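structure24.csv follows; it contains CSV, C-alpha atoms.
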```
chain,number,residue,atom,x,y,z
E,1,GLU,CA,0.0,0.0,0.0
E,2,LEU,CA,2.8,2.4,0.8
E,3,LEU,CA,4.5,1.6,-2.6
E,4,ARG,CA,1.2,2.3,-4.4
E,5,SER,CA,0.6,5.6,-2.5
E,6,ASP,CA,1.8,8.9,-3.9
E,7,LEU,CA,3.5,9.9,-0.6
E,8,LYS,CA,7.1,10.8,-0.9
E,9,ASP,CA,9.1,9.0,1.8
E,10,PRO,CA,5.9,7.7,3.5
E,11,LEU,CA,7.7,6.6,6.7
E,12,ALA,CA,9.2,10.0,7.4
E,13,PRO,CA,7.8,11.4,10.6
E,14,ARG,CA,4.7,13.6,10.0
E,15,GLN,CA,1.8,15.0,12.0
E,16,LEU,CA,-1.4,13.0,11.3
E,17,GLN,CA,-4.8,12.5,12.7
E,18,VAL,CA,-4.7,9.0,14.2
E,19,THR,CA,-6.8,6.7,16.4
E,20,THR,CA,-4.8,4.6,18.9
E,21,LEU,CA,-6.0,1.4,20.4
E,22,ILE,CA,-4.2,-0.2,23.3
E,23,ALA,CA,-5.3,-3.5,24.6
E,24,ASP,CA,-4.0,-6.1,27.2
E,25,MET,CA,-5.2,-9.0,29.3
E,26,GLU,CA,-6.5,-8.2,32.8
E,27,GLY,CA,-4.7,-10.1,35.5
E,28,TYR,CA,-2.1,-11.6,33.2
E,29,THR,CA,0.3,-12.6,36.0
E,30,SER,CA,-2.4,-14.5,37.9
E,31,HIS,CA,-3.4,-16.4,34.7
E,32,VAL,CA,0.1,-17.6,33.9
E,33,GLU,CA,1.9,-17.9,37.2
E,34,SER,CA,0.6,-21.5,37.9
E,35,LEU,CA,1.0,-22.7,34.3
E,36,PRO,CA,3.9,-24.6,32.9
E,37,VAL,CA,6.0,-22.5,30.6
E,38,GLU,CA,4.7,-24.1,27.4
E,39,ASP,CA,1.1,-23.5,28.5
E,40,ALA,CA,1.8,-19.9,29.5
E,41,ALA,CA,3.5,-19.2,26.2
E,42,ARG,CA,0.5,-20.8,24.3
E,43,LEU,CA,-2.0,-18.7,26.3
E,44,THR,CA,-0.1,-15.5,25.5
E,45,THR,CA,0.2,-16.3,21.8
E,46,ASP,CA,-3.4,-17.3,21.5
E,47,PHE,CA,-4.6,-14.2,23.3
E,48,LEU,CA,-2.4,-12.0,21.1
E,49,ASP,CA,-4.0,-13.7,18.1
E,50,CYS,CA,-7.4,-12.6,19.4
E,51,LEU,CA,-6.1,-9.0,19.5
E,52,THR,CA,-4.1,-9.0,16.3
E,53,ARG,CA,-6.6,-10.5,13.7
E,54,PRO,CA,-9.2,-7.7,14.2
E,55,VAL,CA,-6.6,-5.0,14.0
E,56,LEU,CA,-5.3,-6.3,10.7
E,57,ASP,CA,-8.7,-7.1,9.4
E,58,LYS,CA,-9.7,-3.5,10.0
E,59,HIS,CA,-6.6,-2.1,8.2
E,60,GLY,CA,-4.9,-1.0,11.4
E,61,THR,CA,-1.1,-0.5,11.8
E,62,LEU,CA,0.3,-2.9,14.5
E,63,ASP,CA,2.7,-0.7,16.4
E,64,LYS,CA,4.1,-3.2,19.0
E,65,TYR,CA,3.3,-6.1,21.3
E,66,THR,CA,3.5,-5.3,25.0
E,67,GLY,CA,3.9,-8.8,26.5
E,68,ASP,CA,0.3,-9.7,26.9
E,69,GLY,CA,-1.1,-6.8,24.8
E,70,LEU,CA,-0.6,-4.6,21.9
E,71,VAL,CA,-0.6,-1.0,20.6
E,72,ALA,CA,-2.2,-0.3,17.2
E,73,PHE,CA,-3.3,2.8,15.3
E,74,TRP,CA,-5.3,3.9,12.3
E,75,GLY,CA,-4.6,6.9,10.1
E,76,ALA,CA,-0.8,6.3,9.6
E,77,PRO,CA,1.3,5.8,7.7
E,78,LEU,CA,-1.5,6.3,5.2
E,79,PRO,CA,-4.1,8.9,6.1
E,80,ASN,CA,-7.6,7.5,6.6
E,81,ALA,CA,-10.7,9.6,7.2
E,82,ASP,CA,-12.4,6.5,8.8
E,83,HIS,CA,-9.7,5.9,11.4
E,84,ALA,CA,-11.9,6.3,14.5
E,85,ASP,CA,-14.7,4.0,13.3
E,86,LEU,CA,-12.2,1.4,12.0
E,87,ALA,CA,-10.5,1.3,15.5
E,88,LEU,CA,-14.0,0.9,17.1
E,89,ASP,CA,-14.8,-1.9,14.7
E,90,ALA,CA,-11.6,-3.6,15.7
E,91,ALA,CA,-12.4,-3.2,19.4
E,92,GLU,CA,-15.8,-4.8,18.9
E,93,GLU,CA,-14.3,-7.7,17.0
E,94,ILE,CA,-11.6,-8.1,19.7
E,95,LEU,CA,-14.3,-8.4,22.3
E,96,ARG,CA,-16.0,-11.2,20.3
E,97,GLU,CA,-12.7,-13.0,19.8
E,98,VAL,CA,-11.7,-12.8,23.4
E,99,ALA,CA,-15.2,-13.9,24.6
E,100,ARG,CA,-15.0,-16.9,22.3
E,101,PHE,CA,-11.5,-17.8,23.5
E,102,SER,CA,-12.5,-17.3,27.1
E,103,ARG,CA,-15.4,-19.7,26.7
E,104,GLN,CA,-13.0,-22.4,25.4
E,105,ARG,CA,-10.7,-21.7,28.4
E,106,VAL,CA,-13.5,-22.0,30.9
E,107,LEU,CA,-14.7,-25.3,29.4
E,108,ALA,CA,-11.2,-26.6,29.9
E,109,GLY,CA,-11.3,-25.6,33.6
E,110,HIS,CA,-9.5,-22.3,33.5
E,111,ALA,CA,-10.5,-18.9,34.7
E,112,PRO,CA,-12.3,-16.6,32.3
E,113,LEU,CA,-10.3,-14.0,30.4
E,114,ARG,CA,-10.9,-10.3,30.1
E,115,VAL,CA,-9.4,-7.8,27.7
E,116,ARG,CA,-9.0,-4.1,28.6
E,117,ILE,CA,-9.0,-1.6,25.7
E,118,GLY,CA,-8.3,2.1,25.6
E,119,ILE,CA,-9.0,4.2,22.4
E,120,GLU,CA,-8.4,7.8,21.7
E,121,SER,CA,-8.0,10.0,18.5
E,122,GLY,CA,-6.1,13.1,17.8
E,123,LEU,CA,-2.9,14.5,16.3
E,124,ALA,CA,0.2,12.4,16.6
E,125,MET,CA,3.6,12.4,15.1
E,126,ALA,CA,3.9,9.1,13.2
E,127,GLY,CA,7.0,7.9,11.5
E,128,ASP,CA,10.2,5.9,11.6
E,129,TYR,CA,11.7,6.8,15.0
E,130,GLY,CA,14.4,4.2,14.8
E,131,THR,CA,18.1,4.4,15.3
E,132,ALA,CA,21.1,3.1,13.4
E,133,PHE,CA,20.5,-0.2,15.2
E,134,ARG,CA,16.8,-0.8,14.6
E,135,SER,CA,14.1,0.8,12.6
E,136,ILE,CA,10.7,1.3,14.3
E,137,TYR,CA,7.6,2.9,12.9
E,138,THR,CA,5.4,4.3,15.7
E,139,ALA,CA,3.2,7.2,16.7
E,140,VAL,CA,3.8,9.5,19.6
E,141,GLY,CA,1.6,12.3,21.0
E,142,ASP,CA,-0.9,13.3,23.6
E,143,SER,CA,-3.7,11.2,22.1
E,144,VAL,CA,-1.5,8.1,22.2
E,145,ASN,CA,-0.7,8.7,25.9
E,146,THR,CA,-4.4,9.2,26.6
E,147,ALA,CA,-5.3,5.9,25.0
E,148,SER,CA,-2.8,4.2,27.4
E,149,ARG,CA,-4.4,5.9,30.4
E,150,LEU,CA,-7.9,4.9,29.2
E,151,GLU,CA,-6.8,1.3,29.0
E,152,GLN,CA,-5.5,1.5,32.5
E,153,ALA,CA,-8.8,3.1,33.6
E,154,ALA,CA,-10.8,0.2,32.3
E,155,ARG,CA,-9.8,-1.8,35.4
E,156,ASP,CA,-12.0,0.5,37.5
E,157,PHE,CA,-15.1,0.0,35.3
E,158,PRO,CA,-17.2,-3.0,34.3
E,159,HIS,CA,-16.7,-2.0,30.7
E,160,ASP,CA,-13.9,-3.6,28.7
E,161,VAL,CA,-13.6,-0.6,26.3
E,162,ILE,CA,-12.9,2.9,27.5
E,163,ILE,CA,-13.0,5.6,24.8
E,164,GLY,CA,-11.9,9.3,24.8
E,165,GLU,CA,-13.7,12.4,23.5
E,166,GLY,CA,-11.5,12.6,20.4
E,167,THR,CA,-12.7,9.3,19.1
E,168,VAL,CA,-16.3,10.0,20.0
E,169,GLN,CA,-16.2,13.3,18.1
E,170,ARG,CA,-14.8,11.6,15.0
E,171,SER,CA,-16.9,8.5,14.9
E,172,GLN,CA,-19.7,8.5,12.3
E,173,ARG,CA,-21.3,5.1,12.9
E,174,HIS,CA,-21.0,4.0,16.5
E,175,ARG,CA,-23.0,5.0,19.6
E,176,PHE,CA,-21.6,5.7,23.0
E,177,ALA,CA,-22.5,5.7,26.7
E,178,LEU,CA,-21.0,8.5,28.8
E,179,LEU,CA,-19.2,7.1,31.9
E,180,GLY,CA,-18.5,10.4,33.5
E,181,GLU,CA,-15.3,12.5,33.9
E,182,ARG,CA,-12.0,11.4,35.3
E,183,LEU,CA,-8.7,13.1,35.9
E,184,LEU,CA,-6.2,10.8,34.2
E,185,ARG,CA,-2.6,10.6,35.3
E,186,GLY,CA,-0.5,13.3,33.6
E,187,LYS,CA,-3.6,15.4,32.7
E,188,GLU,CA,-4.3,18.9,34.1
E,189,LYS,CA,-8.1,18.6,34.0
E,190,PRO,CA,-10.7,15.8,33.9
E,191,ILE,CA,-11.8,14.4,30.6
E,192,LYS,CA,-15.0,12.6,29.6
E,193,LEU,CA,-14.9,8.9,29.4
E,194,TYR,CA,-17.2,6.8,27.2
E,195,THR,CA,-17.8,3.2,26.3
E,196,LEU,CA,-19.6,1.6,23.4
E,197,GLU,CA,-23.3,1.5,23.6
E,198,HIS,CA,-24.6,-1.9,22.7
E,199,GLY,CA,-28.0,-3.0,21.6
E,200,ALA,CA,-28.8,0.5,20.3
```
Here is a file; write its structure as structure tokens.
Amino acid sequence: ELLRSDLKDPLAPRQLQVTTLIADMEGYTSHVESLPVEDAARLTTDFLDCLTRPVLDKHGTLDKYTGDGLVAFWGAPLPNADHADLALDAAEEILREVARFSRQRVLAGHAPLRVRIGIESGLAMAGDYGTAFRSIYTAVGDSVNTASRLEQAARDFPHDVIIGEGTVQRSQRHRFALLGERLLRGKEKPIKLYTLEHGA
């Protein structure tokens, strides 16, 4: 896709509107600490599969794996006006994949699994921020940091997906439920938190 695009040096850092999705497994340590190494590795890989397939199916850019989770974004390296809704589509699909996987685990006698997801949209500097030792394409910016804080905030809610105002404002085809305001770490003032409204 990059080769087909008209962008000159598409991996060069540039400011773009992106939506960042950050997801990980709740209680990862408690899930794996009693497992043999092979079983813990399989659980981790299978869980990451549940997160990764929806991201790629919805044309997201997989930024990095974070042990038991991942960081992904939409809108870079190629701009995409639908970035917020595509990230939300991926989140919904991740919930379905994890629920299916969790049911299999429960039937096998294991504890159920829960995914936590934070999503926010806004300006970010996306590009190749690598060194002479390793190239790495990533996005950095306030909206990316906020997505991380929202994912962490999910542990305080019964909802698996916590969404920021930027994504809500840019979404064209999803509905949301307001969860209230919260002062996130590193923020000077509270921000509104949302989750997906289902059955609407």
Pick from E:Ile117, E:Val161, E:Leu193, E:Leu51, whichever lies nearest to Val98 in chain E using all atoms listed in the file: E:Leu51
Between range 20-130 of chain E and range 10-14 of chain E, at 6 Å or less, what are the per-residue closest atom pairs and their distances in Å? Count all atoms listed in the file, order by chain and rising residue number, and return it as a Markdown table.
```
| residue | atom | partner | partner_atom | distance |
| --- | --- | --- | --- | --- |
| E:Met125 | CA | E:Arg14 | CA | 5.4 |
| E:Ala126 | CA | E:Pro13 | CA | 5.2 |
| E:Gly127 | CA | E:Pro13 | CA | 3.7 |
| E:Asp128 | CA | E:Leu11 | CA | 5.5 |
```
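Proximity ranking of E:Leu62, E:Ile136, E:Ala124, E:Leu178 relative to Val18 in chain E places E:Ala124 first, based on all atoms listed in the file.
Distances to Tyr28 in chain E were evaluated for E:Arg185, E:Arg134, E:Arg116, E:Arg103 using only C-alpha atoms, and the minimum falls at E:Arg116.
Using only C-alpha atoms, the nearest neighbour of Arg155 in chain E within the list E:Ala132, E:Ala41, E:Val168, E:Ala23 is E:Ala23.
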Residues near Gln15 in chain E, cut-off 12 Å, all atoms listed in the file, skip fewer than 6 positions along chain, as a ChimeraX atom specification: /E:75-79,122-127,138-141
Which of E:Ala40, E:Ala99, E:Val115, E:Val106 sits closest to Gly27 in chain E [using only C-alpha atoms]: E:Val115
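The shortest atom-to-atom distance to Lys187 in chain E, with only C-alpha atoms taken into account, belongs to E:Arg149 out of E:Arg114, E:Asp89, E:Glu165, E:Arg149.
The space separating CA of Ala154 in chain E from CA of Trp74 in chain E comes to 21.1 Å.
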Contact residues around Gln172 in chain E with all atoms listed in the file at 7 Å, ignoring same-chain residues under 2 positions, as a VMD selection string: chain E and resid 85 170 174
Sphere at (-5.2, -7.7, 11.1), radius 12 Å, counting only C-alpha atoms: residues as a ChimeraX atom specification: /E:48-63,72-74,86-87,89-91,93-94
Test item: residues at most 12 Å from His159 in chain E, all atoms listed in the file, excluding those fewer than 6 positions along its chain, as an MDAnalysis selection string: chainID E and resid 95 114:118 150:153 176:179 193:198
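Across the model, the gap from CA of Tyr137 in chain E to CA of Asp82 in chain E is 20.7 Å.
Take CA of Lys8 in chain E and CA of Asp142 in chain E: the distance between them is 25.9 Å.
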